[in-house]
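Asks: After the structure tokens below, expect a handful of questions from me.
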Amino acid sequence: MSFKDVLEIVAYSGGGFLGYFVLLDSLSLLSLRGSEKIKDYEHLQEVAKEEQIRLGLEDKNIRVRDFGYKNEGPGVSRQSEDGPCGTINSFYDMFIPSKSSFVNRRMALRHEHYHIKDGHCDSAYNLGWYGWKGRIWNFIRNSFYDEPKTILHCLKSRKEDKF
Ligand SMILES: [Zn+2]
């Protein structure tokens, strides 16, 4: 095997790796297409509540913030009053960028609520988001299991009247 062969293998596998994330991102954006737009802060809270009820998460303490900025989120993580991975008044911190015309939609909220329902935030929380081992494991788990499962749920739910 020559050096050129090795380079070729690296290029192929790297391309496959990159291709996977491009595909994942494309499907995620596809699930948002045509979804109801969030008008303002009140509407954001209203739609978030509807999605919380839709997924049977009434007993969960979820805080929905308007993040404003274009390139941040949407996202959700589990937090506590006493800092990351703390134990006092644990809650789910969800944020949506209202200034982004594309992701500021009902389906983005459904996506984040599904992460809560399926326990994705809890597994990340239990591992500790802030340790390097936790970060690596969370990245792998999120990229190859949690995220595709969530996107699939959202794509399937597009048959419902409100999406
Ligand atoms: Zn996600």
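Simple scheme: letters A, B, ... for chains in structure tokens order, numbers from 1 for residues in each chain, numbers from 1 for ligands in the order shown.
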Residues within 9 Å of ligand 1 should be enumerated using only C-alpha atoms and all ligand atoms and returned as a PyMOL selection string.
Replies: chain A and resi 28+74-76+108+111-112+114-115+142-143+146-148+150-151
Asks: Would you please extract all strand (DSSP E) residues from segment 12-118 of chain A, as assigned by DSSP on the backbone, and give them as JSON, numbers by chain?
Replies: {"A": [62, 63, 64, 65, 66, 75, 76, 77, 78, 79, 91, 92, 93, 94, 95, 96]}
Asks: Filtering to N, CA and C atoms, could you give me those residues as a compact mmCIF listing (two decimals), in the first residue's frame?
Replies:
# COMPACT_ATOMS: atom_id res chain seq x y z
N ILE A 62 -39.68 23.27 32.15
CA ILE A 62 -38.98 23.70 30.93
C ILE A 62 -39.02 25.21 30.82
N ARG A 63 -37.87 25.83 30.66
CA ARG A 63 -37.82 27.28 30.46
C ARG A 63 -37.43 27.56 29.01
N VAL A 64 -38.26 28.34 28.36
CA VAL A 64 -38.01 28.63 26.95
C VAL A 64 -37.56 30.07 26.80
N ARG A 65 -36.37 30.25 26.29
CA ARG A 65 -35.81 31.59 26.13
C ARG A 65 -35.73 31.96 24.65
N ASP A 66 -35.90 33.26 24.41
CA ASP A 66 -35.70 33.78 23.06
C ASP A 66 -34.25 34.21 22.97
N GLY A 75 -31.69 24.93 20.77
CA GLY A 75 -31.08 23.88 21.56
C GLY A 75 -31.77 23.70 22.88
N VAL A 76 -31.41 22.63 23.58
CA VAL A 76 -31.94 22.38 24.92
C VAL A 76 -30.91 21.58 25.71
N SER A 77 -30.82 21.89 27.01
CA SER A 77 -29.95 21.11 27.88
C SER A 77 -30.56 21.11 29.28
N ARG A 78 -30.11 20.19 30.11
CA ARG A 78 -30.61 20.15 31.47
C ARG A 78 -29.65 20.94 32.36
N GLN A 79 -30.22 21.80 33.19
CA GLN A 79 -29.43 22.67 34.06
C GLN A 79 -29.96 22.61 35.47
N PHE A 91 -33.82 21.91 35.83
CA PHE A 91 -34.80 22.30 34.81
C PHE A 91 -34.20 22.12 33.42
N TYR A 92 -35.07 22.23 32.41
CA TYR A 92 -34.60 22.11 31.03
C TYR A 92 -34.55 23.52 30.44
N ASP A 93 -33.39 23.86 29.94
CA ASP A 93 -33.14 25.19 29.40
C ASP A 93 -33.19 25.12 27.87
N MET A 94 -34.28 25.68 27.31
CA MET A 94 -34.47 25.61 25.86
C MET A 94 -34.31 27.00 25.27
N PHE A 95 -33.64 27.10 24.14
CA PHE A 95 -33.53 28.41 23.51
C PHE A 95 -33.74 28.34 22.00
N ILE A 96 -34.39 29.36 21.51
CA ILE A 96 -34.73 29.46 20.09
C ILE A 96 -34.28 30.83 19.59
Asks: Counting only C-alpha atoms, which of A:Lys99, A:Lys133, A:Lys162, A:Lys149 gets nearest to Glu36 of chain A?
Replies: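 Smallest separation from Glu36 of chain A among the options: A:Lys162.
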Asks: Would you return as a ChimeraX atom specification the members of segment 40-143 of chain A that DSSP assigns to alpha helix (DSSP H) on this structure's backbone?
Replies: /A:41-54,106-117,120-127,132-141
Asks: Kindly indicate which residue among A:Arg33, A:Arg158, A:Lys60, A:His120 lies nearest to Tyr145 of chain A, using only C-alpha atoms for the distances.
Replies: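 Looking only at the distances to Tyr145 of chain A, the closest residue turns out to be A:His120.
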Asks: With distances taken over only C-alpha atoms, which residue among A:Leu155, A:Gln45, A:Ser13, A:Ile116 lies nearest Ser26 of chain A?
Replies: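 For Ser26 of chain A, the nearest of the candidates is A:Leu155.
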Asks: Just the number, please: distance in Å from atom CA of Ile88 of chain A to atom CA of Lys49 of chain A, one decimal.
Replies: 23.5 Å
Asks: Got a sec: who's within 9 Å of Phe102 of chain A, counting only C-alpha atoms, leaving out chain neighbours fewer than 4 positions off, as a list of chain:residue names?
Replies: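 Contacts, with the query itself left out: A:Leu29, A:Leu32, A:Arg33, A:Lys37.
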